[in-house]
Each structure stands twice: as C-alpha cells, then as structure tokens.
Amino acid sequence: MTPHVIEPDPQAGAAVKAADRAHVFHSWSAQGLIDPLAVAGAEGSYFWDYDGNRYLDFTSGLVYTNIGYQHPRVVAAIQEQAAKLTTFAPAFAIDVRSEAARLIAERTPGDLDKIFFTNGGAEAVENAVRMARLHTGRTKVLSAYRSYHGATSTAINLTGDPRRWASDNGSAGVVRFWAPFLYRSPFYATTEAEESARALQHLEDTIAFEGPATIAAIILETVPGTAGIMTPPPGYLAGVREICDKYGIVFVLDEVMAGFGRTGKWFAAEHFDVVPDLMTFAKGVNSGYVPLGGVAISEKIAATFDKRPYPGGLTYSGHPLACAAAVATIQVMEDEKVVENAAHIGENVLGPGLRELAERHPSVGEVRGLGVFWALDLVRNRETREPLVPYNAAGEANAPMAAFGAAAKKNGLWPFVNMNRTHAVPACNVTEAEAKEGLAALDAALTVADEHTA
C-alpha cells in the first residue's frame with residue numbers, strides 16, 4: 001500500500017464525536033466518563049484521526065486485524081461478493097461458505113474438519129460448550145482464572161477476569177482452576193517443569209473433587225490473550241489432553257485471539273503438538289473485516305449430531321460477505337507469507353527488541369510471547385514483582401499505567417494496555433521497520449513507567 005495522505009478536518013471530527021456521544025452506547029464503559037477518539041481512516045498498520053495525528057496500531061484493533069487495515073484484495077473480495085450474492089440463509093449450500101469452511105478445515109490440526117460458523121468468538125464459545133455438554137451428557141465446564149472467553153451468557157461466566165463479576169450468576173455450571181504462569185506462580189514453582197507438573201496435578205485434583213463424571217469440558221485459551229499472553233510451559237497442554245482422555249472430558253481450545261498467524265503458526269496449538277476436540281476461532285479468520293467466528297469440530301463430536309439435530313443456530317451463520325472476506329484473507333496470508341512473517345518478526349525483531357528494553361527499564365518485570373503476540377509485565381519492583389498498578393485498578397490507582405499509555409500515544413503509538421501490562425500485538429504482516437518504530441515509541445513511554453518504580 002502507498003502511504004495515505006492525511007488531510008486534517010477538525011470540524012468533521014467534532015461532528016463525528018458529537019454524534020457518537022449523543023447516540024452510541026459503548027461496551028465496557030461508564031458512558032459519561034469516556035472520550036473516544038474520532039477515527040478518520042486506517043491503512044495497513046496505521047490509523048489516523050481528524051486532526052491529522054497518525055498512530056502505529058500495536059493493538060491490531062482488538063487483536064484481530066491480522067493483515068492490517070484495508071487490504072485491497074480483501075476489500076475487493078467483499079465488493080465482488082456483494083455484487084454476486086450479498087446474503088443468504090444458513091440452511092443452504094453456498095459456494096463461498098463451503099470454500100471458507102474448506103480452507104479453515106485444511107489448516108486446523110488433526111481431524112477438526114467440520115466448521116460451525118458464528119458471528120464472533122463469544123458465540124463460538126457458547127456453541128462449543130453446548131456441543132460438549134450434549135456430547136457427554138454432563139454439565140460442568142472447567143476454565144482458568146486468567147482467561148477471557150467472551151461477553152455472552154455462558155462465555156462471560158467462563159471468563160476468569162474481572163469483567164465477569166457483574167454478570168456472574170453462579171448458575172452456569174462453571175468451575176475455575178489455576179492454569180500455569182511461572183512468573184506469578186500459584187504453585188510456588190521455580191522452573192517450567194515444576195510449574196507444568198504442579199498445574200496438572202492441581203487440575204486433576206480439581207476434577208477429582210468436582211466429580212469426573214459431572215464434567216463436560218475443559219476450556220483453555222491455547223495462549224491466553226487479554227489475561228497476559230502466558231505461553232504454557234512444555235508438556236502442559238499435552239498433559240491436559242491426557243487428563244481429558246482419561247476422564248472422557250471434551251478438550252476445548254479457544255484460539256479466537258491466538259489463531260490465524262498471531263503466534264507465528266496458523267494455530268497456536270501447533271506449537272504444542274496437541275489436538276483438541278473442539279476449537280473456537282474468530283478475529284484473524286478474516287481480519288475482522290466482516291464479523292465471523294466459528295467452531296472447528298472433531299469427527300467424534302460431529303458424529304453425535306449425525307442423526308440427532310444440533311439444537312443451535314444463527315441467522316447470519318456463514319454470512320456470504322464474511323466468508324468471502326475469510327477466503328480472501330486466508331489466500332492473502334498464504335500468498336504473502338503472513339504467518340511466516342509473524343514468526344520472523346517475533347523471533348528476530350520484537351522478541352529481541354522487547355528483551356533489550358527490559359534490560360534498560362526497571363519497570364519491565366518480564367517479557368513473554370511469540371510471533372506478534374507479546375506482553376510486558378510492568379512492575380514497581382523487579383525483586384518483589386509487585387505489579388505497577390493493583391489488580392483491576394481504576395482511577396488514581398491506575399495513574400501509572402494511564403501515564404504510560406498517554407506517553408505512548410504522544411509518540412505516535414496506540415498501545416494495548418490491560419491492568420499492569422502492555423501488549424505488543426501488531427498486525428501479522430507488520431514490517432521490520434514498523435516493528436522497530438513501535439519499539440522506539442515503547443522505549444520512550446517506558447521512561448514514564450520507570451518513574452513509578454521503587
């Protein structure tokens with residue numbers, strides 16, 4: 001793409017902001033306390049406002065624009081599909097829907113060859129859990145505390161982070177457990193091997209006390225995203241697979257954020273040589289250009305519904321425009337070696353660059369990640385590992401992270417900030433130059449975080 005010429009138009013921006021504040025109800029927000037940026041446009045790894053300020057997007061939207069904004073081939077595919085067949089009910093066989101399912105199934109691990117389409121990740125989780133419960137005839141589902149699975153009824157109850165609290169009615173049959181996280185180990189482990197073994201023992205103990213015959217599924221983000229990008233230690237996911245097989249529990253991997261190139265593989269499960277029974281996806285499947293998600297289903301789960309109707313569906317399941325965007329996105333990722341680029345950037349630019357920042361900035365407690373999926377765990381004290389701000393901090397308690405975020409934006413970087421962390425999650429096709437630009441902006445912003453260290 002050629003660089004877009006930004007022509008400031010503050011008057012138009014003011015009109016967009018006024019209409020937003022008058023009529024748009026924003027998610028996860030106290031409506032009277034927010035001041036959303038009015039965005040004038042976006043292209044590639046950048047977006048800009050009506051005042052002419054340009055930002056390198058180190059959030060990929062909400063970690064979904066895996067091929068960047070406005071990729072011309074995907075835009076053209078949506079336009080062509082709109083001219084051919086804009087929409088059609090999900091009960092029919094539609095060429096672009098079938099092709100999207102085929103391309104996804106070709107890339108999922110193992111025998112996850114049947115695709116149930118949804119409108120997004122939360123609905124994918126809802127339906128994966130429903131399938132698991134119907135397949136097993138059991139009710140309970142185990143999920144990790146440090147997790148996010150979506151905001152619909154079951155998905156929000158499965159979620160581990162504080163966004164669950166206001167909607168947790170305690171009746172969803174959900175049991176939570178501690179997944180491995182060596183930097184802040186709940187198991188007093190000192191090595192990855194200890195953390196993996198102790199986390200697996202904790203999980204099996206939880207199953208024993210809950211009653212194995214009552215548990216339908218265990219759901220895990222392959223690499224937890226919003227919760228902190230904690231790559232599981234070697235052997236952990238394989239151990240969960242063994243536990244599920246031992247007790248007849250359905251193993252669900254949530255790849256809504258980690259899938260489609262984000263970790264330098266098509267799916268993060270490939271890093272760990274593990275095949276779940278169900279896998280949820282969304283976001284990167286079509287870079288979020290038109291809402292799409294889904295569940296990739298194993299042969300044994302799919303067989304449950306060969307003669308028994310599956311009691312679930314969505315009006316826009318496999319929407320032709322969304323599927324056209326998915327087909328084009330997957331083709332672009334193949335042709336332009338986007339997955340390989342994500343792996344290269346992680347191994348040779350972001351990983352080394354972030355670790356070098358950690359050496360110079362006392363506010364950086366840990367660097368972790370892979371591909372274009374990284375987190376900096378910011379701390380007040382490296383020795384005690386005290387987070388830079390308290391868990392779920394707000395207002396004045398969150399001031400250090402707010403100051404860090406403001407400094408990043410001042411330097412032309414739009415950061416992903418959550419609790420005491422900043423995540424480096426640019427587009428999977430980010431260039432080396434863009435990644436280094438982001439590192440330089442983070443370097444400057446971290447000097448602000450350093451001011452709050454002990």
# chains A, B, ... in the order shown; residues from 1 in each chain; ligands from 1
call {"tool": "closest_atom_pairs", "arguments": {"of": "segment 209-251 of chain A", "to": "segment 129-147 of chain A", "cutoff": "8 Å", "atoms": "only C-alpha atoms", "output": "tab-separated table"}}
result
residue	atom	partner	partner_atom	distance
A:Ala213	CA	A:Arg138	CA	7.2
A:Thr214	CA	A:Arg138	CA	5.3
A:Ile215	CA	A:Lys140	CA	4.5
A:Ala216	CA	A:Arg138	CA	4.8
A:Ala217	CA	A:Val141	CA	4.9
A:Ile218	CA	A:Leu142	CA	4.7
A:Ile219	CA	A:Ser143	CA	5.3
A:Leu220	CA	A:Ser143	CA	6.3
A:Glu221	CA	A:Ser147	CA	7.0
A:Pro224	CA	A:Ser147	CA	6.1
A:Gly225	CA	A:Ser147	CA	7.5
A:Thr226	CA	A:Ser147	CA	7.3
A:Ala227	CA	A:Arg146	CA	5.3
A:Gly228	CA	A:Arg146	CA	7.9
A:Gly248	CA	A:Thr136	CA	7.9
A:Ile249	CA	A:Thr136	CA	7.6
A:Val250	CA	A:Ala132	CA	6.0
call {"tool": "write_last_selection", "arguments": {"atoms": "N, CA, C and O atoms", "output": "PDB file, in the first residue's frame"}}
result
ATOM      1  N   ALA A 213     -17.311 -37.521  36.507  1.00  0.00           N
ATOM      2  CA  ALA A 213     -18.493 -37.860  35.708  1.00  0.00           C
ATOM      3  C   ALA A 213     -19.458 -36.696  35.556  1.00  0.00           C
ATOM      4  O   ALA A 213     -20.465 -36.818  34.858  1.00  0.00           O
ATOM      5  N   THR A 214     -19.157 -35.568  36.212  1.00  0.00           N
ATOM      6  CA  THR A 214     -20.023 -34.389  36.086  1.00  0.00           C
ATOM      7  C   THR A 214     -19.469 -33.356  35.114  1.00  0.00           C
ATOM      8  O   THR A 214     -20.132 -32.364  34.819  1.00  0.00           O
ATOM      9  N   ILE A 215     -18.248 -33.574  34.625  1.00  0.00           N
ATOM     10  CA  ILE A 215     -17.540 -32.537  33.864  1.00  0.00           C
ATOM     11  C   ILE A 215     -17.626 -32.810  32.368  1.00  0.00           C
ATOM     12  O   ILE A 215     -17.163 -33.846  31.879  1.00  0.00           O
ATOM     13  N   ALA A 216     -18.200 -31.858  31.647  1.00  0.00           N
ATOM     14  CA  ALA A 216     -18.345 -31.993  30.199  1.00  0.00           C
ATOM     15  C   ALA A 216     -17.091 -31.582  29.461  1.00  0.00           C
ATOM     16  O   ALA A 216     -16.691 -32.226  28.489  1.00  0.00           O
ATOM     17  N   ALA A 217     -16.473 -30.490  29.895  1.00  0.00           N
ATOM     18  CA  ALA A 217     -15.381 -29.934  29.102  1.00  0.00           C
ATOM     19  C   ALA A 217     -14.397 -29.159  29.971  1.00  0.00           C
ATOM     20  O   ALA A 217     -14.738 -28.667  31.048  1.00  0.00           O
ATOM     21  N   ILE A 218     -13.181 -29.062  29.473  1.00  0.00           N
ATOM     22  CA  ILE A 218     -12.180 -28.120  29.954  1.00  0.00           C
ATOM     23  C   ILE A 218     -11.901 -27.174  28.798  1.00  0.00           C
ATOM     24  O   ILE A 218     -11.606 -27.621  27.688  1.00  0.00           O
ATOM     25  N   ILE A 219     -12.011 -25.869  29.046  1.00  0.00           N
ATOM     26  CA  ILE A 219     -11.724 -24.887  28.004  1.00  0.00           C
ATOM     27  C   ILE A 219     -10.527 -24.056  28.422  1.00  0.00           C
ATOM     28  O   ILE A 219     -10.438 -23.586  29.553  1.00  0.00           O
ATOM     29  N   LEU A 220      -9.595 -23.894  27.503  1.00  0.00           N
ATOM     30  CA  LEU A 220      -8.397 -23.089  27.723  1.00  0.00           C
ATOM     31  C   LEU A 220      -8.113 -22.257  26.485  1.00  0.00           C
ATOM     32  O   LEU A 220      -8.279 -22.744  25.357  1.00  0.00           O
ATOM     33  N   GLU A 221      -7.682 -21.029  26.674  1.00  0.00           N
ATOM     34  CA  GLU A 221      -7.036 -20.316  25.577  1.00  0.00           C
ATOM     35  C   GLU A 221      -5.672 -20.976  25.369  1.00  0.00           C
ATOM     36  O   GLU A 221      -4.916 -21.146  26.332  1.00  0.00           O
ATOM     37  N   PRO A 224      -3.205 -17.679  26.499  1.00  0.00           N
ATOM     38  CA  PRO A 224      -4.123 -16.644  26.975  1.00  0.00           C
ATOM     39  C   PRO A 224      -3.759 -15.276  26.424  1.00  0.00           C
ATOM     40  O   PRO A 224      -2.578 -14.902  26.397  1.00  0.00           O
ATOM     41  N   GLY A 225      -4.771 -14.531  25.985  1.00  0.00           N
ATOM     42  CA  GLY A 225      -4.527 -13.257  25.330  1.00  0.00           C
ATOM     43  C   GLY A 225      -4.639 -12.068  26.247  1.00  0.00           C
ATOM     44  O   GLY A 225      -3.648 -11.606  26.819  1.00  0.00           O
ATOM     45  N   THR A 226      -5.863 -11.553  26.404  1.00  0.00           N
ATOM     46  CA  THR A 226      -6.068 -10.369  27.231  1.00  0.00           C
ATOM     47  C   THR A 226      -5.546 -10.564  28.641  1.00  0.00           C
ATOM     48  O   THR A 226      -5.094  -9.619  29.294  1.00  0.00           O
ATOM     49  N   ALA A 227      -5.574 -11.782  29.149  1.00  0.00           N
ATOM     50  CA  ALA A 227      -5.138 -12.067  30.520  1.00  0.00           C
ATOM     51  C   ALA A 227      -3.636 -11.953  30.710  1.00  0.00           C
ATOM     52  O   ALA A 227      -3.156 -11.996  31.840  1.00  0.00           O
ATOM     53  N   GLY A 228      -2.860 -11.852  29.611  1.00  0.00           N
ATOM     54  CA  GLY A 228      -1.438 -11.634  29.819  1.00  0.00           C
ATOM     55  C   GLY A 228      -0.456 -12.335  28.912  1.00  0.00           C
ATOM     56  O   GLY A 228       0.749 -12.238  29.105  1.00  0.00           O
ATOM     57  N   GLY A 248     -12.875 -38.864  29.932  1.00  0.00           N
ATOM     58  CA  GLY A 248     -13.935 -38.669  28.951  1.00  0.00           C
ATOM     59  C   GLY A 248     -14.438 -37.239  28.892  1.00  0.00           C
ATOM     60  O   GLY A 248     -15.621 -36.989  28.624  1.00  0.00           O
ATOM     61  N   ILE A 249     -13.553 -36.290  29.118  1.00  0.00           N
ATOM     62  CA  ILE A 249     -13.886 -34.864  29.105  1.00  0.00           C
ATOM     63  C   ILE A 249     -13.519 -34.270  27.755  1.00  0.00           C
ATOM     64  O   ILE A 249     -12.466 -34.585  27.183  1.00  0.00           O
ATOM     65  N   VAL A 250     -14.363 -33.407  27.232  1.00  0.00           N
ATOM     66  CA  VAL A 250     -14.094 -32.744  25.955  1.00  0.00           C
ATOM     67  C   VAL A 250     -13.071 -31.633  26.178  1.00  0.00           C
ATOM     68  O   VAL A 250     -13.213 -30.804  27.080  1.00  0.00           O
TER      69      VAL A 250
END
call {"tool": "residues_around", "arguments": {"residues": "Thr422 of chain A", "least_positions_apart": "3", "cutoff": "8 Å", "atoms": "only C-alpha atoms", "output": "list in words"}}
result
Ala375, Leu376, Asp377, Leu378, Pro415, Phe416, Val417 and Asn418 of chain A
call {"tool": "write_last_selection", "arguments": {"atoms": "N, CA and C atoms", "output": "CSV table (one decimal), in the first residue's frame"}}
result
chain,number,residue,atom,x,y,z
A,375,ALA,N,3.8,-9.6,25.6
A,375,ALA,CA,3.4,-8.8,26.7
A,375,ALA,C,4.6,-8.4,27.5
A,376,LEU,N,4.5,-7.2,28.0
A,376,LEU,CA,5.4,-6.7,29.0
A,376,LEU,C,4.7,-6.6,30.4
A,377,ASP,N,5.2,-7.3,31.3
A,377,ASP,CA,4.6,-7.3,32.7
A,377,ASP,C,5.3,-6.1,33.4
A,378,LEU,N,4.6,-5.0,33.7
A,378,LEU,CA,5.2,-3.9,34.3
A,378,LEU,C,5.1,-3.9,35.8
A,415,PRO,N,-1.2,1.9,22.1
A,415,PRO,CA,-0.8,0.7,22.8
A,415,PRO,C,-2.0,-0.1,23.3
A,416,PHE,N,-1.8,-1.4,23.5
A,416,PHE,CA,-2.7,-2.3,24.2
A,416,PHE,C,-2.3,-2.3,25.6
A,417,VAL,N,-3.2,-1.7,26.5
A,417,VAL,CA,-2.9,-1.6,27.9
A,417,VAL,C,-4.0,-2.4,28.7
A,418,ASN,N,-3.6,-3.3,29.5
A,418,ASN,CA,-4.5,-4.0,30.4
A,418,ASN,C,-3.9,-4.3,31.7
call {"tool": "select_by_dssp", "arguments": {"residues": "segment 63-295 of chain A", "states": "strand (DSSP E)", "output": "PyMOL selection string"}}
result
chain A and resi 114-118+140-144+174-177+215-221+250-254+278-281+293-295
call {"tool": "select_by_dssp", "arguments": {"residues": "segment 117-203 of chain A", "states": "alpha helix (DSSP H)", "output": "ChimeraX atom specification"}}
result
/A:121-136,153-158,192-203
call {"tool": "residues_around", "arguments": {"residues": "segment 294-310 of chain A", "least_positions_apart": "6", "cutoff": "9 Å", "atoms": "only C-alpha atoms", "output": "NGL selection string"}}
result
:A and (104-105 or 108 or 110-121 or 123-125 or 127-128 or 131-132 or 134-135 or 250 or 256 or 276-282 or 317-318)
call {"tool": "residues_around", "arguments": {"residues": "Val285 of chain A", "least_positions_apart": "3", "cutoff": "9 Å", "atoms": "only C-alpha atoms", "output": "ChimeraX atom specification"}}
result
/A:64,66,104,256,259-260,281-282,288,292-293,325-327,329-330
call {"tool": "residues_around", "arguments": {"residues": "Asn169 of chain A", "least_positions_apart": "2", "cutoff": "12 Å", "atoms": "only C-alpha atoms", "output": "list of chain:residue names"}}
result
A:Ser153, A:Thr154, A:Ile156, A:Asn157, A:Leu158, A:Arg164, A:Trp165, A:Ala166, A:Ser167, A:Ser171, A:Ala172, A:Gly173, A:Val174
call {"tool": "residues_around", "arguments": {"residues": "Val240 of chain A", "least_positions_apart": "3", "cutoff": "8 Å", "atoms": "only C-alpha atoms", "output": "NGL selection string"}}
result
:A and (200 or 236-237 or 243-244 or 251)
call {"tool": "write_last_selection", "arguments": {"atoms": "N, CA and C atoms", "output": "short mmCIF file (atom, residue, chain, number, x, y, z; two decimals), in the first residue's frame"}}
result
data_model
loop_
_atom_site.label_atom_id
_atom_site.label_comp_id
_atom_site.auth_asym_id
_atom_site.auth_seq_id
_atom_site.Cartn_x
_atom_site.Cartn_y
_atom_site.Cartn_z
N LEU A 200 -0.79 -29.35 36.44
CA LEU A 200 -1.54 -30.54 36.01
C LEU A 200 -2.09 -31.30 37.21
N TYR A 236 2.41 -28.99 29.27
CA TYR A 236 1.16 -28.70 29.98
C TYR A 236 -0.06 -29.05 29.13
N LEU A 237 -0.15 -28.52 27.92
CA LEU A 237 -1.34 -28.78 27.11
C LEU A 237 -1.46 -30.27 26.74
N ILE A 243 -5.41 -35.89 30.48
CA ILE A 243 -6.42 -35.89 31.55
C ILE A 243 -7.82 -35.95 30.96
N CYS A 244 -8.06 -35.19 29.90
CA CYS A 244 -9.38 -35.22 29.26
C CYS A 244 -9.69 -36.62 28.72
N PHE A 251 -12.04 -31.62 25.36
CA PHE A 251 -10.98 -30.60 25.45
C PHE A 251 -11.26 -29.52 24.40
#
call {"tool": "residues_around", "arguments": {"residues": "Ala197 of chain A", "least_positions_apart": "5", "cutoff": "12 Å", "atoms": "only C-alpha atoms", "output": "ChimeraX atom specification"}}
result
/A:179-180,182,187-192,202-204,232-240
call {"tool": "write_last_selection", "arguments": {"atoms": "C-alpha atoms", "output": "PDB file, in the first residue's frame"}}
result
ATOM      1  CA  ALA A 179      -3.520 -22.528  34.846  1.00  0.00           C
ATOM      2  CA  PRO A 180       0.291 -22.307  34.756  1.00  0.00           C
ATOM      3  CA  LEU A 182       5.552 -19.265  36.222  1.00  0.00           C
ATOM      4  CA  PHE A 187       2.192 -23.281  42.889  1.00  0.00           C
ATOM      5  CA  TYR A 188       5.489 -21.876  44.263  1.00  0.00           C
ATOM      6  CA  ALA A 189       7.279 -23.380  41.283  1.00  0.00           C
ATOM      7  CA  THR A 190      10.762 -22.281  40.285  1.00  0.00           C
ATOM      8  CA  THR A 191      11.075 -23.977  36.887  1.00  0.00           C
ATOM      9  CA  GLU A 192       8.808 -24.541  33.910  1.00  0.00           C
ATOM     10  CA  HIS A 202      -3.932 -29.137  40.628  1.00  0.00           C
ATOM     11  CA  LEU A 203      -6.217 -29.623  37.630  1.00  0.00           C
ATOM     12  CA  GLU A 204      -6.579 -33.346  38.246  1.00  0.00           C
ATOM     13  CA  PRO A 232       2.049 -22.531  28.572  1.00  0.00           C
ATOM     14  CA  PRO A 233       5.147 -24.435  29.707  1.00  0.00           C
ATOM     15  CA  PRO A 234       6.266 -27.521  27.775  1.00  0.00           C
ATOM     16  CA  GLY A 235       4.095 -30.544  28.427  1.00  0.00           C
ATOM     17  CA  TYR A 236       1.159 -28.703  29.975  1.00  0.00           C
ATOM     18  CA  LEU A 237      -1.345 -28.785  27.106  1.00  0.00           C
ATOM     19  CA  ALA A 238      -0.357 -32.369  26.252  1.00  0.00           C
ATOM     20  CA  GLY A 239      -0.979 -33.214  29.902  1.00  0.00           C
ATOM     21  CA  VAL A 240      -4.432 -31.615  29.782  1.00  0.00           C
TER      22      VAL A 240
END
call {"tool": "closest_residue", "arguments": {"among": "A:Pro212, A:Gly405, A:Pro311, A:Gly68", "to": "Val332 of chain A", "atoms": "only C-alpha atoms"}}
result
A:Gly68
call {"tool": "closest_atom_pairs", "arguments": {"of": "segment 24-105 of chain A", "to": "segment 431-451 of chain A", "cutoff": "9 Å", "atoms": "only C-alpha atoms", "output": "Markdown table"}}
result
| residue | atom | partner | partner_atom | distance |
| --- | --- | --- | --- | --- |
| A:Ser45 | CA | A:Glu434 | CA | 7.9 |
| A:Leu56 | CA | A:Gly438 | CA | 7.0 |
| A:Asp57 | CA | A:Gly438 | CA | 8.6 |
| A:Phe58 | CA | A:Gly438 | CA | 7.3 |
call {"tool": "closest_residue", "arguments": {"among": "A:Leu357, A:Val339, A:Leu321, A:Ala454", "to": "Glu386 of chain A", "atoms": "only C-alpha atoms"}}
result
A:Ala454
call {"tool": "closest_residue", "arguments": {"among": "A:Lys283, A:Arg176, A:His26, A:Arg262", "to": "Thr222 of chain A", "atoms": "only C-alpha atoms"}}
result
A:Arg262
